[in-house]
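Shown here: final_8.cif, mmCIF, C-alpha atoms.
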```cif
data_final
loop_
_atom_site.label_atom_id
_atom_site.label_comp_id
_atom_site.auth_asym_id
_atom_site.auth_seq_id
_atom_site.Cartn_x
_atom_site.Cartn_y
_atom_site.Cartn_z
CA TYR A 12 143.55 91.25 227.17
CA SER A 13 143.04 95.03 227.32
CA MET A 14 146.16 95.68 225.22
CA GLU A 15 145.08 93.16 222.56
CA LEU A 16 141.58 94.64 222.39
CA TRP A 17 143.01 98.18 222.17
CA ARG A 18 145.40 97.15 219.38
CA LYS A 19 142.71 95.46 217.31
CA ALA A 20 140.20 98.25 217.91
CA LYS A 21 142.68 100.76 216.46
CA GLY A 22 142.72 98.77 213.21
CA LEU A 23 138.95 98.48 212.76
CA ASN A 24 138.64 101.43 210.38
CA ARG A 25 134.94 101.76 209.42
CA ASP A 26 133.91 98.79 211.60
CA ARG A 27 134.36 100.87 214.76
CA SER A 28 130.64 101.60 214.75
CA VAL A 29 129.92 97.85 214.75
CA LEU A 30 132.13 97.35 217.81
CA ALA A 31 130.46 100.34 219.48
CA CYS A 32 127.07 98.71 218.87
CA THR A 33 128.30 95.45 220.45
CA LEU A 34 129.63 97.27 223.52
CA ALA A 35 126.34 99.17 223.87
CA HIS A 36 124.45 95.87 223.88
CA LEU A 37 126.79 94.46 226.53
CA VAL A 38 126.05 97.45 228.77
CA ALA A 39 122.31 96.99 228.17
CA MET A 40 122.57 93.29 229.03
CA LYS A 41 124.34 94.08 232.29
CA THR A 42 121.47 96.39 233.22
CA LEU A 43 118.92 93.78 232.16
CA VAL A 44 120.24 90.91 234.30
CA GLY A 45 121.05 93.10 237.28
CA ASP A 46 123.14 91.66 240.10
CA SER A 47 122.07 88.06 239.61
CA GLU A 48 124.99 85.64 239.49
CA ASN A 49 123.00 82.41 239.30
CA GLU A 50 124.87 80.27 236.76
CA ASN A 51 121.86 77.96 236.33
CA ASP A 52 119.33 80.72 235.70
CA THR A 53 117.01 80.43 232.68
CA LEU A 54 114.30 82.59 231.12
CA ASP A 55 111.43 81.03 233.04
CA ASP A 56 109.75 84.39 233.58
CA SER A 57 109.23 87.63 231.64
CA GLY A 58 112.67 89.18 232.00
CA GLY A 59 115.85 89.72 233.98
CA ASP A 60 116.54 90.58 237.60
CA GLY A 61 117.47 94.18 236.85
CA GLY A 62 113.86 95.35 236.78
CA PHE A 63 113.55 95.24 232.98
CA ASP A 64 111.80 92.73 230.73
CA PHE A 65 113.86 92.91 227.53
CA ILE A 66 116.26 94.99 225.44
CA LEU A 67 114.75 97.20 222.74
CA GLU A 68 116.64 99.31 220.22
CA ASP A 69 115.40 102.71 219.10
CA ASN A 70 114.95 101.84 215.42
CA VAL A 71 111.85 99.63 215.79
CA ARG A 72 108.09 99.85 215.58
CA ALA A 73 105.54 97.85 217.58
CA PHE A 74 102.13 96.34 216.79
CA VAL A 75 99.85 98.56 218.84
CA GLY A 76 96.39 97.61 217.57
CA ILE A 77 94.08 97.91 220.57
CA GLN A 78 90.91 95.84 220.92
CA ASN A 79 88.97 95.36 224.16
CA MET A 80 91.67 97.31 226.02
CA ASP A 81 94.34 94.80 224.91
CA CYS A 82 97.53 95.89 223.14
CA GLU A 83 98.56 93.64 220.26
CA CYS A 84 102.28 94.05 221.01
CA ALA A 85 101.84 93.06 224.67
CA ASN A 86 99.67 90.08 223.70
CA ARG A 87 102.35 88.83 221.31
CA ILE A 88 105.03 89.20 223.98
CA TRP A 89 103.02 87.25 226.55
CA ASP A 90 102.13 84.58 223.98
CA THR A 91 105.82 84.21 223.16
CA ILE A 92 106.77 83.92 226.84
CA GLU A 93 104.06 81.35 227.50
CA ALA A 94 105.00 79.21 224.50
CA SER A 95 108.71 79.48 225.32
CA ASN A 96 108.19 78.46 228.95
CA ASP A 97 106.19 75.42 227.81
CA ALA A 98 108.94 74.32 225.41
CA PRO A 99 110.82 71.09 226.29
CA SER A 100 114.20 72.84 226.15
CA GLU A 101 115.44 75.59 228.47
CA CYS A 102 115.49 79.09 227.02
CA HIS A 103 118.51 81.34 227.56
CA MET A 104 117.80 83.86 224.79
CA ARG A 105 114.40 84.89 223.49
CA TYR A 106 113.69 87.06 220.47
CA TYR A 107 110.68 89.39 220.28
CA GLY A 108 111.63 90.63 216.83
CA TRP A 109 113.88 89.32 214.06
CA LEU A 110 114.50 89.63 210.33
CA GLY A 111 116.25 87.91 207.44
CA SER A 112 116.62 87.82 203.68
CA SER A 113 113.52 87.09 201.63
CA PRO A 114 114.66 83.53 200.68
CA ASN A 115 115.51 82.78 204.32
CA LEU A 116 112.19 84.13 205.56
CA THR A 117 110.34 81.97 203.04
CA TRP A 118 112.35 78.90 204.03
CA THR A 119 111.86 79.59 207.74
CA TYR A 120 108.08 79.84 207.55
CA LYS A 121 107.51 77.07 205.01
CA ASN A 122 110.09 74.53 206.19
CA HIS A 123 111.79 75.26 209.49
CA ILE A 124 108.85 76.35 211.66
CA PRO A 125 106.49 73.48 210.71
CA ARG A 126 109.31 70.99 211.27
CA SER A 127 111.00 72.40 214.39
CA ALA A 128 108.41 74.42 216.33
CA PHE A 129 108.12 73.45 219.99
CA ASN A 130 104.33 73.79 219.80
CA GLY A 131 101.85 73.24 216.99
CA ALA A 132 100.11 76.62 217.10
CA PRO A 133 98.63 77.58 213.73
CA LEU A 134 99.84 80.67 211.90
CA GLN A 135 96.37 81.83 210.90
CA GLN A 136 93.72 83.55 212.96
CA ASN A 137 90.75 81.72 214.41
CA ASP A 138 87.25 83.05 214.13
CA ALA A 139 86.91 83.66 217.85
CA GLU A 140 90.33 84.97 218.79
CA THR A 141 93.83 85.47 217.48
CA SER A 142 95.85 82.26 217.51
CA LYS A 143 98.83 82.07 219.81
CA CYS A 144 102.31 82.07 218.36
CA ALA A 145 104.58 79.15 217.67
CA VAL A 146 108.08 79.22 219.15
CA PHE A 147 110.97 77.54 217.34
CA PRO A 148 114.74 77.18 217.87
CA PHE A 149 117.30 79.33 216.10
CA PRO A 150 117.92 77.85 212.60
CA THR A 151 121.35 76.32 211.99
CA SER A 152 123.29 74.99 209.01
CA ASP A 153 122.07 71.48 209.93
CA ASP A 154 118.49 72.66 209.41
CA PHE A 155 119.40 73.89 205.94
CA GLU A 156 120.99 70.54 205.15
CA LEU A 157 117.70 68.77 205.91
CA ASP A 158 116.36 70.49 202.78
CA SER A 159 119.58 69.90 200.81
CA ILE A 160 120.49 73.59 200.98
CA VAL A 161 124.13 74.67 200.93
CA ALA A 162 125.04 76.65 204.05
CA THR A 163 126.28 79.64 202.02
CA SER A 164 123.54 81.64 200.33
CA LYS A 165 123.97 83.14 196.86
CA SER A 166 123.40 86.80 196.13
CA LYS A 167 123.45 89.11 193.17
CA LYS A 168 123.50 92.86 192.76
CA LYS A 169 120.85 95.06 191.30
CA GLU A 170 120.71 95.04 187.54
CA GLY A 171 123.02 97.69 186.15
CA GLN A 172 125.35 97.80 189.17
CA GLY A 173 127.83 95.18 188.01
CA LYS A 174 129.39 92.46 190.11
CA ILE A 175 129.61 92.42 193.88
CA GLN A 176 132.98 93.57 195.11
CA SER A 177 135.11 91.54 197.48
CA GLU A 178 135.52 92.42 201.14
CA GLU A 179 139.04 93.72 200.50
CA SER A 180 137.92 96.11 197.77
CA LEU A 181 134.97 97.31 199.84
CA GLU A 182 137.38 98.48 202.52
CA ASP A 183 139.00 100.85 200.05
CA GLU A 184 135.74 102.34 198.79
CA SER A 185 134.15 105.46 200.20
CA THR A 186 131.11 105.26 202.45
CA SER A 187 128.80 106.33 199.64
CA ASN A 188 130.09 103.63 197.33
CA LYS A 189 129.77 101.07 200.09
CA ALA A 190 126.17 102.07 200.68
CA SER A 191 125.36 101.57 196.99
CA GLN A 192 126.33 97.88 197.06
CA THR A 193 122.91 96.29 197.44
CA PRO A 194 122.95 92.48 197.39
CA HIS A 195 119.78 90.60 196.53
CA PHE A 196 119.77 87.07 197.87
CA THR A 197 118.38 84.45 195.53
CA THR A 198 118.76 81.28 197.63
CA PRO A 199 118.34 80.51 201.34
CA GLY A 200 121.40 79.81 203.46
CA GLY A 201 124.01 81.50 205.59
CA THR A 202 122.71 83.19 208.73
CA ALA A 203 118.98 82.58 208.63
CA VAL A 204 118.01 85.14 211.28
CA TRP A 205 119.47 88.62 211.72
CA GLY A 206 118.89 91.48 214.11
CA THR A 207 119.01 92.05 217.87
CA PHE A 208 116.57 94.91 218.13
CA ALA A 209 114.18 93.17 220.59
CA TYR A 210 115.36 90.30 222.79
CA THR A 211 116.12 89.13 226.31
CA ILE A 212 118.75 86.78 227.74
CA SER A 213 119.21 84.93 231.02
CA SER A 214 121.81 85.95 233.57
CA ALA A 215 123.59 82.62 233.02
CA ALA A 216 123.87 83.38 229.30
CA TYR A 217 125.20 86.86 230.05
CA ARG A 218 127.89 85.52 232.40
CA THR A 219 128.92 82.94 229.80
CA LEU A 220 129.04 85.61 227.10
CA ILE A 221 131.25 87.91 229.19
CA ASN A 222 133.60 85.08 230.20
CA GLN A 223 134.12 83.97 226.61
CA LEU A 224 134.62 87.49 225.28
CA GLN A 225 137.14 88.23 228.02
CA ASN A 226 139.14 85.14 227.07
CA ASP A 227 138.88 85.55 223.31
CA VAL A 228 139.31 88.98 221.71
CA GLY A 229 138.92 87.29 218.33
CA ALA A 230 135.24 86.85 219.12
CA LEU A 231 134.92 90.64 218.85
CA ALA A 232 137.33 91.48 216.02
CA TRP A 233 139.22 89.41 213.47
CA LYS A 234 141.42 89.85 210.40
CA GLY A 235 142.30 87.50 207.56
CA LYS A 236 145.77 87.18 206.07
CA ARG A 237 145.04 89.49 203.12
CA MET A 238 142.84 91.96 204.95
CA ARG A 239 144.23 95.42 205.65
CA CYS A 240 141.93 96.19 208.58
CA TYR A 241 140.24 94.25 211.34
CA GLN A 242 136.54 93.51 211.08
CA ALA A 243 134.22 93.62 214.07
CA LYS A 244 131.71 90.83 214.53
CA PRO A 245 128.14 92.12 214.92
CA ILE A 246 126.30 91.36 218.13
CA ASP A 247 123.52 89.46 216.33
CA LYS A 248 126.09 86.84 215.30
CA ILE A 249 128.03 86.76 218.57
CA LEU A 250 125.05 86.25 220.88
CA PRO A 251 123.28 83.17 219.43
CA ARG A 252 126.54 81.47 218.52
CA ILE A 253 127.98 81.58 222.05
CA ILE A 254 124.68 80.79 223.77
CA LYS A 255 123.98 77.78 221.55
CA SER A 256 127.49 76.41 221.99
CA GLU A 257 127.17 76.60 225.79
CA PHE A 258 123.52 75.71 226.44
CA GLY A 259 122.56 73.68 223.37
CA GLN A 260 121.23 74.24 219.88
CA ARG A 261 117.65 74.67 221.12
CA SER A 262 118.37 77.23 223.85
CA VAL A 263 117.59 80.26 221.63
CA HIS A 264 113.85 80.70 221.01
CA LEU A 265 112.11 82.76 218.32
CA PRO A 266 108.38 83.42 217.76
CA ASP A 267 106.65 83.15 214.41
CA ARG A 268 104.58 86.25 215.28
CA VAL A 269 107.02 89.02 216.21
CA ALA A 270 106.04 91.84 218.53
CA PHE A 271 108.47 94.37 217.02
CA VAL A 272 109.74 95.12 213.51
CA ARG A 273 112.41 97.37 212.09
CA GLY A 274 111.25 100.93 211.44
CA PRO A 275 111.15 101.13 207.60
CA MET A 276 111.74 104.89 207.65
CA LEU A 277 114.87 104.58 209.80
CA GLY A 278 117.81 103.56 207.64
CA SER A 279 120.76 101.70 209.11
CA LEU A 280 123.85 103.79 209.82
CA LEU A 281 126.07 100.72 210.31
CA HIS A 282 125.32 98.72 207.17
CA PRO A 283 123.13 100.68 204.71
CA GLN A 284 124.16 98.37 201.86
CA TRP A 285 121.92 95.66 203.34
CA GLU A 286 118.75 97.74 203.61
CA GLU A 287 117.13 96.49 200.38
CA GLY A 288 118.53 92.96 200.64
CA PHE A 289 116.83 92.28 203.97
CA CYS A 290 113.35 92.84 205.28
#
```

Would you mind writing the file out in structure tokens?
Amino acid sequence: YSMELWRKAKGLNRDRSVLACTLAHLVAMKTLVGDSENENDTLDDSGGDGGFDFILEDNVRAFVGIQNMDCECANRIWDTIEASNDAPSECHMRYYGWLGSSPNLTWTYKNHIPRSAFNGAPLQQNDAETSKCAVFPFPTSDDFELDSIVATSKSKKKEGQGKIQSEESLEDESTSNKASQTPHFTTPGGTAVWGTFAYTISSAAYRTLINQLQNDVGALAWKGKRMRCYQAKPIDKILPRIIKSEFGQRSVHLPDRVAFVRGPMLGSLLHPQWEEGFC
């Protein structure tokens, strides 16, 4: 296993930073879950056994409006935990912040959440107090098909920039040229939810993740027949895919009212070409 991982990592080229991000998240997850080895553990409380509640990246901002000595960010986190614990399905991964393309965000709030939310909490605010959040399962291609949406979303470049280049040609471009490729998605589809900048997982999910990655290097890096270099899979695609395959399609919970958002002034160093295409 170590030799195969070393060989593929040497051929990652510019995707080495993506693999480094994945490995950093794995280290953070190990710290989060601590020494717990309970294979049946779920997220029935606020966090892991390592003394931490969740994993938070450094490129985020929180809702910190304070009224009556209450912090808005903390209230949203506790509302998410309460709604997730009351859900009929066990939770093994819980998001406290997430993002997506504009068409996917519109589809998620107008179609997926009203149809699939575990609770019926309204999205608006009541006169007396702020309404609690609604928690819903991670969207899948089957959810898109319910609205007759093709799983693959369509995108176009900014006017005046020409056509989008293929993955093979992007590998040969310089970093500055790669950063200038700014797709603008016009239809929902593909991966509905992106980002792992604020989340928590159960110890059972972490053990499953490690076992599968140790037995399948292709889950970390892959290469097609005509590709010159390997490509690393980002952690925000690895995590929900493995957890849902092991614990069920409804084992990953997301809130409609996030507690954290991406810092708009902090540009991505891994994939700057997506900055304007995603919120």

Contact residues around Ala209 (chain A) with all atoms listed in the file at 10 Å, ignoring same-chain residues under 5 positions, as a PyMOL selection string: chain A and resi 65-69+71+105-109+269-273

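With only C-alpha atoms as the basis for measurement, A:Val204 is the residue among A:Val204, A:Ala94, A:Cys82, A:Ile88 that approaches His123 (chain A) most closely.
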
Polymer residues at most 9 Å from Arg268 (chain A), all atoms listed in the file, same-chain spacing of 6 or more positions, as a PDB file with C-alpha atoms, in the coordinates of the input:
```pdb
ATOM      1  CA  ARG A  87     102.350  88.830 221.310  1.00  0.00           C
ATOM      2  CA  THR A  91     105.820  84.210 223.160  1.00  0.00           C
ATOM      3  CA  TYR A 107     110.680  89.390 220.280  1.00  0.00           C
ATOM      4  CA  GLY A 108     111.630  90.630 216.830  1.00  0.00           C
ATOM      5  CA  LEU A 134      99.840  80.670 211.900  1.00  0.00           C
ATOM      6  CA  LYS A 143      98.830  82.070 219.810  1.00  0.00           C
ATOM      7  CA  CYS A 144     102.310  82.070 218.360  1.00  0.00           C
ATOM      8  CA  ALA A 145     104.580  79.150 217.670  1.00  0.00           C
ATOM      9  CA  VAL A 146     108.080  79.220 219.150  1.00  0.00           C
TER      10      VAL A 146
END
```

Between CA of Leu220 (chain A) and CA of Val263 (chain A), distance in Å (one decimal): 13.8 Å

Distance of CA of Leu110 (chain A) from CA of Arg25 (chain A), expressed in Å to one decimal place: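 Going from CA of Arg25 (chain A) over to CA of Leu110 (chain A), I get 23.8 Å.
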
Pick from A:Asp81, A:Glu15, A:Asp227, A:Asp153, whichever lies nearest to Gln260 (chain A) using all atoms listed in the file: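 Under the stated criterion, the closest residue is A:Asp153.
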
Pick from A:Ser256, A:Asn86, A:Ser262, A:Thr219 nearest to Phe147 (chain A), counting only C-alpha atoms: A:Ser262

Residue contacts of Ile221 (chain A) (12 Å, all atoms listed in the file) excluding same-chain residues fewer than 4 positions away, as a list in words: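 That gives Thr33, Leu34, His36, Leu37, Val38, Met40, Lys41, Ser214, Ala215, Ala216, Tyr217, Gln225, Asn226, Asp227, Val228, Ala230, Leu231, Ile249, Leu250, Ile253 and Ile254 of chain A.
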
Gap from CA of Arg237 (chain A) to CA of Asn24 (chain A) - Å, one decimal: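 Between CA of Arg237 (chain A) and CA of Asn24 (chain A) the gap is 15.4 Å.
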
Contacts of Arg126 (chain A) within 12 Å, only C-alpha atoms, excl. fewer than 2 positions in-chain, as a count of residues only: 20

Residue neighbourhood Ser213 (chain A), 6 Å, all atoms listed in the file, exclusion window fewer than 4 positions, as a list in words: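 Skipping anything fewer than 4 positions along the chain leaves Thr53, Leu54 and His103 of chain A.
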
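In terms of minimum interatomic distance to Asn222 (chain A), A:Glu257 ranks closest within A:Gly111, A:Thr117, A:Glu257, A:Ala243, counting only C-alpha atoms.
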
Could you tell me which residues the PyMOL selection byres ((chain A and resi 19) around 12) returns for this structure, as a tab-separated table (two decimals) with C-alpha atoms, in the frame of the given file?
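selection.tsv, written as the output of this step:
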```tsv
chain	number	residue	atom	x	y	z
A	12	TYR	CA	143.55	91.25	227.17
A	13	SER	CA	143.04	95.03	227.32
A	14	MET	CA	146.16	95.68	225.22
A	15	GLU	CA	145.08	93.16	222.56
A	16	LEU	CA	141.58	94.64	222.39
A	17	TRP	CA	143.01	98.18	222.17
A	18	ARG	CA	145.40	97.15	219.38
A	20	ALA	CA	140.20	98.25	217.91
A	21	LYS	CA	142.68	100.76	216.46
A	22	GLY	CA	142.72	98.77	213.21
A	23	LEU	CA	138.95	98.48	212.76
A	24	ASN	CA	138.64	101.43	210.38
A	26	ASP	CA	133.91	98.79	211.60
A	27	ARG	CA	134.36	100.87	214.76
A	30	LEU	CA	132.13	97.35	217.81
A	228	VAL	CA	139.31	88.98	221.71
A	229	GLY	CA	138.92	87.29	218.33
A	230	ALA	CA	135.24	86.85	219.12
A	231	LEU	CA	134.92	90.64	218.85
A	232	ALA	CA	137.33	91.48	216.02
A	233	TRP	CA	139.22	89.41	213.47
A	234	LYS	CA	141.42	89.85	210.40
A	239	ARG	CA	144.23	95.42	205.65
A	240	CYS	CA	141.93	96.19	208.58
A	241	TYR	CA	140.24	94.25	211.34
A	242	GLN	CA	136.54	93.51	211.08
A	243	ALA	CA	134.22	93.62	214.07
```

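Across A:Leu265, A:Ile212, A:Ala85, A:Ala203, the tightest approach to Lys248 (chain A) is made by A:Ala203 when counting only C-alpha atoms.
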